[in-house]
$ cat my_file-v1.txt   # compact mmCIF, C-alpha atoms
# COMPACT_ATOMS: atom_id res chain seq x y z
CA MET A 136 2.53 -2.57 12.05
CA LYS A 137 0.83 -5.21 9.93
CA ALA A 138 -1.54 -6.44 12.58
CA VAL A 139 -3.09 -5.85 15.95
CA ARG A 140 -3.08 -8.72 18.45
CA TYR A 141 -5.35 -8.75 21.49
CA ILE A 142 -4.50 -10.83 24.55
CA VAL A 143 -7.02 -11.28 27.36
CA THR A 144 -5.26 -11.11 30.71
CA ALA A 145 -8.14 -10.66 33.14
CA VAL A 146 -11.88 -10.26 33.32
CA LEU A 147 -11.69 -6.48 33.75
CA LEU A 148 -8.21 -5.61 32.50
CA THR A 149 -7.05 -6.49 29.01
CA THR A 150 -3.80 -6.00 27.14
CA LEU A 151 -3.66 -4.90 23.54
CA VAL A 152 -0.47 -5.18 21.51
CA ALA A 153 -0.14 -3.32 18.21
CA SER A 154 2.89 -3.61 16.00
CA THR A 155 4.51 -1.53 13.30
CA GLY A 156 5.85 -3.64 10.45
CA PHE A 157 4.60 -7.03 9.34
CA ALA A 158 3.02 -9.52 11.72
CA SER A 159 0.15 -11.96 12.06
CA PRO A 160 -3.58 -11.47 11.36
CA SER A 161 -5.59 -9.72 14.05
CA ALA A 162 -7.97 -11.45 16.44
CA LEU A 163 -10.39 -10.09 19.04
CA PRO A 164 -11.40 -12.02 22.17
CA ALA A 165 -15.09 -12.83 22.16
CA GLY A 166 -17.28 -10.76 24.43
CA LYS A 167 -14.71 -8.02 25.06
CA THR A 168 -14.86 -4.29 24.43
CA ASP A 169 -14.47 -3.30 20.78
CA PRO A 170 -10.84 -2.06 20.74
CA GLN A 171 -11.65 0.60 18.14
CA ARG A 172 -13.65 2.38 20.85
CA LEU A 173 -10.86 2.36 23.43
CA SER A 174 -9.93 5.81 24.73
CA TRP A 175 -8.44 7.58 27.72
CA ARG A 176 -10.96 8.87 30.25
CA ALA A 177 -9.01 12.10 30.91
CA ARG A 178 -7.94 14.45 28.15
CA GLU A 179 -4.53 14.98 29.83
CA ILE A 180 -2.33 11.96 29.07
CA ARG A 181 1.00 11.44 30.84
CA ILE A 182 3.90 10.07 28.79
CA ALA A 183 7.32 9.04 30.17
CA LEU A 184 10.35 9.10 27.86
CA SER A 185 12.91 6.48 28.81
CA THR A 186 16.50 7.66 29.22
CA SER A 187 17.35 4.98 26.65
CA LEU A 188 16.27 7.52 24.02
CA ARG A 189 19.02 9.90 25.16
CA GLN A 190 21.81 7.37 25.54
CA SER A 191 24.29 6.46 22.81
CA ASN A 192 22.58 3.77 20.76
CA SER A 193 23.61 2.11 17.49
CA ASN A 194 19.95 1.84 16.53
CA LEU A 195 19.52 5.62 16.49
CA LYS A 196 21.57 7.35 13.81
CA PHE A 197 24.19 9.78 15.14
CA GLY A 198 22.98 13.37 15.04
CA ARG A 199 19.32 12.32 15.18
CA ASP A 200 16.74 14.64 16.72
CA VAL A 201 15.04 12.10 18.99
CA TRP A 202 13.36 14.45 21.42
CA GLY A 203 12.25 16.72 18.61
CA ALA A 204 10.76 13.73 16.77
CA VAL A 205 8.84 12.70 19.89
CA ARG A 206 7.51 16.21 20.43
CA ARG A 207 6.43 16.64 16.79
CA SER A 208 4.71 13.23 16.87
CA LEU A 209 2.73 14.20 19.96
CA ASP A 210 1.94 17.63 18.49
CA ALA A 211 0.46 16.02 15.37
CA TRP A 212 -2.31 14.41 17.43
CA GLU A 213 -2.71 17.27 19.94
CA SER A 214 -3.28 19.77 17.13
CA VAL A 215 -6.36 17.98 15.77
CA ALA A 216 -8.09 16.52 18.86
CA ASP A 217 -9.11 17.57 22.36
CA ILE A 218 -6.14 15.97 24.12
CA GLU A 219 -2.96 17.14 25.83
CA PHE A 220 0.22 15.16 26.49
CA LEU A 221 2.18 15.76 29.70
CA VAL A 222 5.74 14.57 29.04
CA GLU A 223 8.43 13.65 31.58
CA GLU A 224 11.67 11.67 31.59
CA SER A 225 12.05 8.31 33.32
CA ASP A 226 14.90 5.99 34.28
CA ARG A 227 12.65 3.04 33.44
CA GLN A 228 13.84 0.96 30.50
CA SER A 229 11.25 -1.82 30.07
CA LEU A 230 7.58 -1.89 29.24
CA SER A 231 5.10 -3.35 31.71
CA PRO A 232 4.67 -7.11 31.36
CA SER A 233 1.35 -8.41 30.14
CA GLY A 234 -0.90 -9.27 33.05
CA ASN A 235 -3.74 -7.93 35.15
CA ALA A 236 -2.38 -4.38 35.12
CA GLY A 237 0.68 -2.39 34.17
CA ASP A 238 2.86 -0.22 36.37
CA GLY A 239 0.82 2.91 35.66
CA ILE A 240 3.57 4.57 33.61
CA SER A 241 3.08 5.01 29.85
CA LEU A 242 6.64 4.59 28.62
CA ILE A 243 8.39 5.16 25.28
CA THR A 244 11.63 3.16 25.16
CA ILE A 245 14.22 1.59 22.86
CA ALA A 246 16.23 -0.21 25.55
CA PRO A 247 17.34 -3.76 24.53
CA THR A 248 16.14 -5.29 27.81
CA PRO A 249 14.91 -8.91 27.85
CA GLU A 250 11.31 -7.72 28.38
CA ASN A 251 11.45 -5.39 25.39
CA VAL A 252 13.27 -7.86 23.13
CA LEU A 253 10.71 -10.57 23.92
CA LEU A 254 8.01 -8.39 22.38
CA PHE A 255 9.65 -8.84 18.95
CA SER A 256 10.53 -12.53 19.23
CA ASN A 257 8.14 -13.56 16.46
CA ASN A 258 9.29 -11.10 13.80
CA PHE A 259 12.21 -8.98 14.95
CA GLU A 260 13.51 -8.39 11.39
CA ALA A 261 10.46 -6.54 10.03
CA GLU A 262 8.59 -4.78 12.82
CA SER A 263 9.75 -1.28 13.67
CA ALA A 264 7.82 -0.84 16.94
CA LYS A 265 5.04 -2.19 19.14
CA THR A 266 2.58 -0.67 21.55
CA ARG A 267 1.07 -2.51 24.51
CA VAL A 268 -2.17 -0.96 25.79
CA PHE A 269 -3.89 -1.77 29.10
CA TYR A 270 -7.58 -1.00 29.38
CA ASN A 271 -10.39 -1.76 31.82
CA GLY A 272 -13.79 -3.32 31.35
CA LYS A 273 -15.36 0.05 30.55
CA GLY A 274 -13.07 0.53 27.56
CA PHE A 275 -10.87 3.20 29.16
CA ILE A 276 -7.13 2.99 28.60
CA THR A 277 -5.14 2.89 31.84
CA GLU A 278 -1.62 2.65 30.41
CA ALA A 279 0.18 2.31 27.06
CA ASP A 280 3.86 1.46 26.46
CA ILE A 281 5.67 2.02 23.14
CA VAL A 282 8.79 -0.01 22.38
CA LEU A 283 10.98 0.88 19.40
CA ASN A 284 12.47 -2.33 18.03
CA PRO A 285 16.06 -2.61 19.39
CA PHE A 286 16.95 -4.66 16.29
CA GLN A 287 16.01 -1.90 13.81
CA GLN A 288 17.71 1.29 12.62
CA PHE A 289 15.97 4.67 12.97
CA SER A 290 16.81 8.13 11.69
CA THR A 291 15.29 11.60 11.46
CA ASP A 292 17.02 12.68 8.23
CA GLY A 293 15.80 10.10 5.74
CA THR A 294 18.87 7.84 5.81
CA PHE A 295 18.34 5.07 3.24
CA GLY A 296 17.13 1.75 4.66
CA THR A 297 16.19 3.12 8.10
CA PHE A 298 12.73 3.63 9.56
CA ASP A 299 11.76 7.25 9.99
CA LEU A 300 11.64 7.84 13.74
CA GLN A 301 8.97 10.53 13.65
CA ALA A 302 6.66 8.54 11.36
CA THR A 303 7.06 5.43 13.53
CA LEU A 304 6.32 7.35 16.72
CA THR A 305 3.33 9.14 15.21
CA HIS A 306 1.84 5.78 14.24
CA GLU A 307 2.47 4.20 17.64
CA ILE A 308 1.04 7.20 19.49
CA GLY A 309 -2.11 6.61 17.47
CA HIS A 310 -2.26 3.14 19.02
CA LEU A 311 -1.54 4.64 22.43
CA LEU A 312 -4.63 6.81 21.92
CA GLY A 313 -6.76 3.75 21.11
CA LEU A 314 -6.72 3.67 17.31
CA GLN A 315 -6.56 0.47 15.30
CA HIS A 316 -4.84 0.06 11.97
CA SER A 317 -6.43 1.68 8.94
CA ASP A 318 -7.08 0.13 5.53
CA VAL A 319 -6.32 3.50 3.92
CA LEU A 320 -2.92 2.75 2.42
CA GLY A 321 -1.65 6.31 2.75
CA ALA A 322 -2.82 6.88 6.31
CA THR A 323 -0.39 7.25 9.20
CA MET A 324 -2.31 4.40 10.84
CA SER A 325 -1.93 2.16 7.78
CA ASN A 326 -0.93 -1.46 8.31
CA SER A 327 2.48 -0.97 6.69
CA LEU A 328 5.26 1.55 7.16
CA SER A 329 7.97 1.78 4.51
CA ARG A 330 11.66 2.20 5.12
CA ASN A 331 13.35 5.35 3.86
CA GLY A 332 14.24 5.16 0.19
CA THR A 333 11.50 2.77 -0.93
CA PHE A 334 10.82 3.40 -4.63
CA GLY A 335 14.03 5.46 -4.61
CA ILE A 336 12.00 8.36 -3.22
CA LEU A 337 12.53 10.34 -0.02
CA ASP A 338 9.04 10.40 1.50
CA PHE A 339 8.12 11.85 4.90
CA GLY A 340 4.39 11.68 4.24
CA SER A 341 3.67 9.29 7.11
CA ARG A 342 4.72 11.99 9.58
CA THR A 343 1.60 13.95 8.63
CA LEU A 344 -1.86 12.76 9.66
CA SER A 345 -4.26 11.99 6.83
CA ALA A 346 -7.90 13.04 6.85
CA SER A 347 -8.88 9.51 7.91
CA ASP A 348 -6.43 9.59 10.86
CA ILE A 349 -7.87 12.92 11.97
CA ALA A 350 -11.45 11.70 11.71
CA ALA A 351 -10.61 8.56 13.69
CA VAL A 352 -9.04 10.40 16.62
CA ARG A 353 -11.78 13.06 16.66
CA ALA A 354 -14.38 10.30 16.78
CA LEU A 355 -12.83 9.31 20.13
CA TYR A 356 -11.87 12.67 21.64
CA GLY A 357 -13.65 15.39 19.68
CA THR A 358 -11.87 18.65 18.94
CA THR A 359 -11.28 21.96 20.68
CA GLU A 360 -13.99 24.62 20.83
CA ASP A 361 -12.20 26.76 18.26
CA GLY A 362 -11.74 23.82 15.92
CA PRO A 363 -13.12 23.33 12.40
CA ASN A 364 -16.66 22.65 11.24
CA CYS A 365 -16.75 19.39 13.20
CA CYS A 366 -17.85 16.80 14.14
CA SER A 367 -20.47 14.75 12.32
CA ALA A 368 -20.88 11.02 11.88
CA VAL A 369 -22.35 8.30 9.69
CA ALA A 370 -23.37 5.04 11.33
CA GLY A 371 -25.33 2.06 10.19
CA LYS A 372 -25.50 -1.65 9.62
CA LEU A 373 -24.70 -3.79 6.59
CA THR A 374 -26.46 -7.10 6.16
CA VAL A 375 -26.31 -10.00 3.73
CA GLY A 376 -28.67 -12.82 2.80
CA THR A 377 -31.64 -13.05 5.16
CA GLY A 378 -30.48 -10.16 7.33
CA ARG A 379 -27.33 -11.58 8.86
CA GLY A 380 -24.78 -8.93 9.78
CA ALA A 381 -22.01 -8.45 7.21
CA LYS A 382 -18.87 -8.87 9.32
CA GLY A 383 -15.44 -7.60 8.29
CA ILE A 384 -16.57 -5.25 5.53
CA ARG A 385 -14.54 -2.10 4.93
CA VAL A 386 -16.59 1.07 4.77
CA TRP A 387 -15.06 4.36 3.71
CA ALA A 388 -16.09 7.90 2.86
CA GLU A 389 -14.75 10.13 0.09
CA GLU A 390 -15.42 13.81 -0.48
CA VAL A 391 -17.70 14.16 -3.49
CA GLU A 392 -15.99 17.32 -4.70
CA THR A 393 -12.38 16.07 -4.58
CA GLY A 394 -12.53 12.29 -4.20
CA ARG A 395 -10.24 12.42 -1.15
CA VAL A 396 -10.62 9.56 1.35
CA VAL A 397 -11.66 11.12 4.67
CA ALA A 398 -12.67 8.19 6.92
CA GLN A 399 -12.63 4.40 7.03
CA ALA A 400 -13.89 1.70 9.39
CA GLU A 401 -14.65 -2.01 9.39
CA THR A 402 -17.98 -3.54 10.27
CA ALA A 403 -18.29 -5.37 13.59
CA SER A 404 -19.55 -8.93 13.98
CA ASP A 405 -23.18 -7.72 13.72
CA GLY A 406 -22.47 -5.67 10.57
CA SER A 407 -22.56 -2.31 12.35
CA PHE A 408 -20.11 0.48 11.53
CA ARG A 409 -19.45 4.10 12.44
CA LEU A 410 -17.50 6.83 10.66
CA GLY A 411 -17.09 9.67 13.13
CA GLY A 412 -15.09 12.86 13.37
CA LEU A 413 -16.31 14.11 9.98
CA GLU A 414 -16.63 17.73 8.91
CA ALA A 415 -19.84 19.04 7.39
CA ALA A 416 -19.78 18.12 3.69
CA THR A 417 -21.20 15.74 1.07
CA TYR A 418 -19.62 12.29 0.95
CA SER A 419 -19.74 9.17 -1.22
CA LEU A 420 -19.83 5.97 0.83
CA PHE A 421 -18.25 2.73 -0.39
CA TRP A 422 -17.90 -0.78 0.96
CA GLN A 423 -15.44 -3.58 0.18
CA ARG A 424 -15.06 -7.18 1.21
CA SER A 425 -11.84 -7.07 3.26
CA GLU A 426 -10.79 -10.70 3.28
CA ASP A 427 -9.30 -10.58 -0.21
CA ASN A 428 -9.48 -6.93 -1.29
CA GLY A 429 -12.50 -8.10 -3.23
CA ALA A 430 -15.79 -6.72 -4.48
CA VAL A 431 -16.58 -3.03 -4.01
CA GLY A 432 -20.04 -1.47 -3.84
CA GLU A 433 -21.57 1.93 -3.16
CA LEU A 434 -23.81 3.01 -0.29
CA GLY A 435 -24.72 6.29 -1.99
CA LEU A 436 -24.30 9.94 -1.04
CA VAL A 437 -24.73 11.42 2.40
CA VAL A 438 -24.93 15.13 3.22
CA LEU A 439 -23.76 16.06 6.71
CA THR A 440 -24.26 19.31 8.56
CA LYS A 441 -22.17 20.29 11.58
CA GLY A 442 -22.76 17.95 14.54
CA GLU A 443 -25.20 15.77 12.60
CA SER A 444 -25.34 11.97 12.77
CA ARG A 445 -26.84 10.12 9.81
CA SER A 446 -27.86 6.47 9.60
CA VAL A 447 -27.17 4.28 6.59
CA ASP A 448 -28.45 0.70 6.66
CA GLU A 449 -28.00 -1.45 3.59
CA LYS A 450 -28.35 -5.02 2.41
CA ILE A 451 -25.31 -5.74 0.28
CA VAL A 452 -24.43 -8.41 -2.23
CA ALA A 453 -20.76 -9.35 -2.18
CA PRO A 454 -20.22 -11.65 -5.18
CA ARG A 455 -17.06 -13.67 -5.56
CA SER A 456 -14.83 -12.44 -8.35
CA ASP A 457 -11.41 -13.19 -9.79
CA LEU A 458 -10.75 -9.44 -9.85
CA SER A 459 -8.72 -7.97 -6.98
CA LEU A 460 -6.16 -5.24 -6.29
CA LYS A 461 -3.53 -5.91 -3.64
CA TYR A 462 -0.41 -3.93 -4.53
CA ILE A 463 0.65 -0.62 -6.06
CA GLY A 464 4.03 0.82 -6.96
CA VAL A 465 6.37 2.74 -9.23
CA ASN A 466 9.82 2.03 -10.70
CA SER A 467 8.86 -1.60 -11.38
CA GLN A 468 8.24 -2.25 -7.68
CA LEU A 469 5.07 -3.38 -5.91
CA THR A 470 4.14 -2.82 -2.28
CA ASP A 471 1.14 -2.44 0.03
CA PHE A 472 1.53 1.20 1.01
CA ALA A 473 0.61 4.36 -0.85
CA VAL A 474 2.59 5.86 -3.71
CA PRO A 475 3.45 9.56 -3.21
CA VAL A 476 2.62 11.80 -6.18
CA MET A 477 2.54 15.51 -6.94
CA GLY A 478 0.18 17.68 -8.96
CA GLY A 479 1.13 18.60 -12.50
CA ARG A 480 3.18 15.45 -13.13
CA GLN A 481 2.92 12.08 -14.85
CA TYR A 482 3.85 8.70 -13.37
CA ILE A 483 4.02 5.09 -14.54
CA ILE A 484 1.93 3.31 -11.92
CA PHE A 485 2.11 -0.46 -11.37
CA LEU A 486 -0.84 -2.41 -9.94
CA GLY A 487 -0.77 -6.03 -8.75
CA GLY A 488 -3.56 -8.43 -7.87
CA SER A 489 -5.59 -10.97 -9.78
CA GLY A 490 -7.60 -10.88 -13.00
CA LEU A 491 -5.96 -7.65 -14.22
CA ASP A 492 -6.37 -8.27 -17.94
CA PRO A 493 -6.19 -4.97 -19.92
CA GLU A 494 -8.60 -6.43 -22.48
CA ASN A 495 -11.33 -6.87 -19.86
CA VAL A 496 -10.49 -4.42 -17.07
CA ARG A 497 -10.25 -0.63 -17.02
CA PHE A 498 -8.82 1.56 -14.26
CA GLY A 499 -10.07 4.83 -12.89
CA PHE A 500 -10.69 7.14 -9.95
CA SER A 501 -13.56 8.86 -8.19
CA SER A 502 -11.48 12.04 -8.21
CA PRO A 503 -11.36 14.53 -11.12
CA PHE A 504 -7.65 15.16 -10.45
CA PHE A 505 -6.41 11.82 -11.82
CA GLU A 506 -6.49 10.36 -15.31
CA VAL A 507 -5.20 7.18 -16.96
CA SER A 508 -3.68 8.01 -20.33
CA PRO A 509 -5.66 6.22 -23.08
CA GLY A 510 -3.89 3.18 -24.48
CA SER A 511 -1.22 3.18 -21.76
CA VAL A 512 -2.39 0.08 -19.85
CA ILE A 513 -0.04 -2.85 -20.48
CA THR A 514 0.59 -6.24 -18.87
CA ARG A 515 3.79 -6.69 -16.86
CA ASP A 516 5.49 -10.00 -16.08
CA PHE A 517 6.06 -10.44 -12.33
CA GLY A 518 5.74 -14.23 -12.38
CA SER A 519 2.71 -16.48 -12.13
CA ASP A 520 1.74 -15.61 -8.54
CA VAL A 521 0.44 -12.12 -9.26
CA SER A 522 -1.28 -10.36 -12.15
CA VAL A 523 0.39 -7.00 -12.87
CA VAL A 524 -0.34 -4.07 -15.16
CA SER A 525 1.05 -0.58 -15.52
CA PHE A 526 -0.37 2.66 -16.90
CA VAL A 527 0.54 6.30 -17.28
CA LEU A 528 -1.10 8.44 -14.61
CA THR A 529 -1.56 12.18 -14.98
CA VAL A 530 -2.07 14.17 -11.77
CA ALA A 531 -3.73 17.53 -12.36
CA ASP A 532 -2.30 20.80 -11.13
CA GLY A 533 -3.97 21.85 -7.90
CA ALA A 534 -4.79 18.32 -6.72
CA PRO A 535 -5.50 18.79 -2.98
CA HIS A 536 -3.23 17.12 -0.44
CA GLY A 537 -4.67 13.79 0.66
CA MET A 538 -5.27 10.12 -0.12
CA TYR A 539 -7.10 8.88 -3.21
CA SER A 540 -8.39 5.43 -4.16
CA VAL A 541 -7.67 3.46 -7.32
CA PHE A 542 -10.52 1.44 -8.85
CA ALA A 543 -10.54 -1.48 -11.29
CA TYR A 544 -13.72 -2.18 -13.31
CA ALA A 545 -14.35 -5.49 -15.09
CA ARG A 546 -16.63 -5.97 -18.08
CA ASP A 547 -18.87 -8.29 -16.07
CA GLY A 548 -19.77 -5.37 -13.77
CA SER A 549 -17.54 -6.33 -10.84
CA ARG A 550 -15.07 -3.83 -9.42
CA THR A 551 -12.46 -3.56 -6.72
CA SER A 552 -10.28 -0.87 -5.16
CA LEU A 553 -7.12 0.03 -3.26
CA ILE A 554 -8.30 2.56 -0.66
CA GLY A 555 -6.18 5.70 -0.45
CA ALA A 556 -3.40 4.17 -2.56
CA LEU A 557 -2.25 7.49 -4.05
CA SER A 558 -0.92 10.13 -1.70
CA VAL A 559 -0.76 13.70 -3.00
CA GLU A 560 2.06 15.35 -1.07

$ encode --input "my_file-v1.txt" --output "structure tokens"
Amino acid sequence: MKAVRYIVTAVLLTTLVASTGFASPSALPAGKTDPQRLSWRAREIRIALSTSLRQSNSNLKFGRDVWGAVRRSLDAWESVADIEFLVEESDRQSLSPSGNAGDGISLITIAPTPENVLLFSNNFEAESAKTRVFYNGKGFITEADIVLNPFQQFSTDGTFGTFDLQATLTHEIGHLLGLQHSDVLGATMSNSLSRNGTFGILDFGSRTLSASDIAAVRALYGTTEDGPNCCSAVAGKLTVGTGRGAKGIRVWAEEVETGRVVAQAETASDGSFRLGGLEAATYSLFWQRSEDNGAVGELGLVVLTKGESRSVDEKIVAPRSDLSLKYIGVNSQLTDFAVPVMGGRQYIIFLGGSGLDPENVRFGFSSPFFEVSPGSVITRDFGSDVSVVSFVLTVADGAPHGMYSVFAYARDGSRTSLIGALSVE
């Protein structure tokens, strides 16, 4: 799930391959439709479940609830957006090959056929699944195939060392719907999916859509008429220097009242961005240089009413700094996905990056529900390749469910962040 790779196969039909696990950096063919805006034309989407999901398979733990996991994964997206999945069973085992067009059947499979195995040839040991999406020149998806990695182990009961089947499917269905990866570490559409038992904690949080996942899918499909106070949007353009578009800048929105991360996007080549699918509320907008988890800045507050679109254009200064945050963890472990926490408890949180000197850097949050205990920040030795500190975190009773960012502030005025790195379960 670490990256999205785009492969041009024709002038009007293009294949998109998204993976779950760790893979190569993403790349977008010049002059093609922005893949973040891909969507199905119809709101009824047909899905075919391969019989390989029913057959005895060493990759699927005995006693697993495969069909239930598929249904719950589809329900997660159906319940928040104006879409409906029509599910059937198919004897087909293999995804459509890359080319001018697929076979017209959107398949979910785990069969170890040569075609499916080839999809994981570059990194079969780490990736849990991949999705291949076909779309036309107008940006409408025509087919999407999901392949669960035949080399990996899946379960539905949290078996240690396996990938959670429901979380994996929920993520891949997001790709099937046209969503890219998210830089919100705790989002279902995050770049990384942990195996069961990471940190020594049983965590099913990735089965549940975060606020940023919900906003992203509603930006594409809207919501039902009886839905919430939705949907509003913030769009704009970030520039640098003499007005050149600021490409590859993360932009995200947090609720002012709680500090929860509710939406995130990345600027296009011309510096433009759009955060859609938002509910009426007051938000703080932030930006961050994405190439190295670098400098963070603010775009100010925006107040949205129901159905309103607001414009935010800003010239930003993105200074180079030795300060960065790249990893978070507990139990003396570091990783690049969110740490699950609960209200009313304390945790020893580890942060890794560069320039994390406790004498010159302090750590904090934009949420009132988190606090670093005074005097608890200490340096940890993880070798010379990464700067690591730990601190005691107190999570207040009543902290709302959601994802919250961690900020680091240097004495020279620079700051950085891990977006949505704490997940309140």

$ residues_around --input "my_file-v1.txt" --residues "Thr248 of chain A" --least-positions-apart "6" --cutoff "10 Å" --atoms "only C-alpha atoms" --output "number ranges by chain"
A: 228-230, 285

$ residues_near_point --input "my_file-v1.txt" --point "(-29.0, -11.1, 3.4)" --cutoff "12 Å" --atoms "only C-alpha atoms" --output "VMD selection string"
chain A and resid 372 to 382 406 449 to 453

$ axis_aligned_box --input "my_file-v1.txt" --around "segment 499-508 of chain A" --padding-each-side "3 Å" --output "JSON"
{"center_x": -8.6, "center_y": 10.0, "center_z": -14.3, "size_x": 15.9, "size_y": 16.3, "size_z": 18.1}

$ residues_around --input "my_file-v1.txt" --residues "Val396 of chain A" --least-positions-apart "2" --cutoff "7 Å" --atoms "all atoms listed in the file" --output "list of chain:residue names"
A:Ser347, A:Ala388, A:Glu389, A:Glu390, A:Gly394, A:Ala398, A:Met538, A:Tyr539, A:Gly555

$ write_last_selection --input "my_file-v1.txt" --atoms "C-alpha atoms" --output "compact mmCIF listing (two decimals), in the frame of the given file"
# COMPACT_ATOMS: atom_id res chain seq x y z
CA SER A 347 -8.88 9.51 7.91
CA ALA A 388 -16.09 7.90 2.86
CA GLU A 389 -14.75 10.13 0.09
CA GLU A 390 -15.42 13.81 -0.48
CA GLY A 394 -12.53 12.29 -4.20
CA ALA A 398 -12.67 8.19 6.92
CA MET A 538 -5.27 10.12 -0.12
CA TYR A 539 -7.10 8.88 -3.21
CA GLY A 555 -6.18 5.70 -0.45

$ atom_distance --input "my_file-v1.txt" --atom1 "atom CA of Leu436 of chain A" --atom2 "atom CA of Val391 of chain A"
8.2 Å

$ closest_residue --input "my_file-v1.txt" --among "A:Ser345, A:Asn326, A:Gln288, A:Ser241" --to "Ile276 of chain A" --atoms "only C-alpha atoms"
A:Ser241

$ build_atoms --input "my_file-v1.txt" --residues "segment 502-517 of chain A" --atoms "N, CA and C atoms" --output "PDB file, in the frame of the given file"
ATOM      1  N   SER A 502     -11.950  10.667  -8.303  1.00  0.00           N
ATOM      2  CA  SER A 502     -11.480  12.040  -8.210  1.00  0.00           C
ATOM      3  C   SER A 502     -11.256  12.624  -9.605  1.00  0.00           C
ATOM      4  N   PRO A 503     -11.594  13.903  -9.816  1.00  0.00           N
ATOM      5  CA  PRO A 503     -11.360  14.530 -11.120  1.00  0.00           C
ATOM      6  C   PRO A 503      -9.903  14.923 -11.334  1.00  0.00           C
ATOM      7  N   PHE A 504      -9.035  14.715 -10.352  1.00  0.00           N
ATOM      8  CA  PHE A 504      -7.650  15.160 -10.450  1.00  0.00           C
ATOM      9  C   PHE A 504      -6.707  14.089 -10.992  1.00  0.00           C
ATOM     10  N   PHE A 505      -7.239  12.904 -11.329  1.00  0.00           N
ATOM     11  CA  PHE A 505      -6.410  11.820 -11.820  1.00  0.00           C
ATOM     12  C   PHE A 505      -6.972  11.283 -13.132  1.00  0.00           C
ATOM     13  N   GLU A 506      -6.065  10.890 -14.017  1.00  0.00           N
ATOM     14  CA  GLU A 506      -6.490  10.360 -15.310  1.00  0.00           C
ATOM     15  C   GLU A 506      -5.495   9.317 -15.802  1.00  0.00           C
ATOM     16  N   VAL A 507      -6.020   8.202 -16.313  1.00  0.00           N
ATOM     17  CA  VAL A 507      -5.200   7.180 -16.960  1.00  0.00           C
ATOM     18  C   VAL A 507      -5.091   7.530 -18.433  1.00  0.00           C
ATOM     19  N   SER A 508      -3.876   7.663 -18.923  1.00  0.00           N
ATOM     20  CA  SER A 508      -3.680   8.010 -20.330  1.00  0.00           C
ATOM     21  C   SER A 508      -4.230   6.899 -21.216  1.00  0.00           C
ATOM     22  N   PRO A 509      -5.071   7.237 -22.198  1.00  0.00           N
ATOM     23  CA  PRO A 509      -5.660   6.220 -23.080  1.00  0.00           C
ATOM     24  C   PRO A 509      -4.574   5.393 -23.778  1.00  0.00           C
ATOM     25  N   GLY A 510      -4.803   4.081 -23.796  1.00  0.00           N
ATOM     26  CA  GLY A 510      -3.890   3.180 -24.480  1.00  0.00           C
ATOM     27  C   GLY A 510      -2.612   2.879 -23.736  1.00  0.00           C
ATOM     28  N   SER A 511      -2.478   3.371 -22.490  1.00  0.00           N
ATOM     29  CA  SER A 511      -1.220   3.180 -21.760  1.00  0.00           C
ATOM     30  C   SER A 511      -1.201   1.944 -20.883  1.00  0.00           C
ATOM     31  N   VAL A 512      -2.337   1.252 -20.734  1.00  0.00           N
ATOM     32  CA  VAL A 512      -2.390   0.080 -19.850  1.00  0.00           C
ATOM     33  C   VAL A 512      -1.758  -1.118 -20.540  1.00  0.00           C
ATOM     34  N   ILE A 513      -0.712  -1.679 -19.920  1.00  0.00           N
ATOM     35  CA  ILE A 513      -0.040  -2.850 -20.480  1.00  0.00           C
ATOM     36  C   ILE A 513       0.192  -3.881 -19.387  1.00  0.00           C
ATOM     37  N   THR A 514       0.305  -5.150 -19.803  1.00  0.00           N
ATOM     38  CA  THR A 514       0.590  -6.240 -18.870  1.00  0.00           C
ATOM     39  C   THR A 514       2.080  -6.295 -18.560  1.00  0.00           C
ATOM     40  N   ARG A 515       2.405  -6.553 -17.292  1.00  0.00           N
ATOM     41  CA  ARG A 515       3.790  -6.690 -16.860  1.00  0.00           C
ATOM     42  C   ARG A 515       4.001  -8.099 -16.308  1.00  0.00           C
ATOM     43  N   ASP A 516       5.189  -8.643 -16.529  1.00  0.00           N
ATOM     44  CA  ASP A 516       5.490 -10.000 -16.080  1.00  0.00           C
ATOM     45  C   ASP A 516       6.210  -9.956 -14.736  1.00  0.00           C
ATOM     46  N   PHE A 517       5.487 -10.317 -13.659  1.00  0.00           N
ATOM     47  CA  PHE A 517       6.060 -10.440 -12.330  1.00  0.00           C
ATOM     48  C   PHE A 517       5.983 -11.884 -11.842  1.00  0.00           C
TER      49      PHE A 517
END
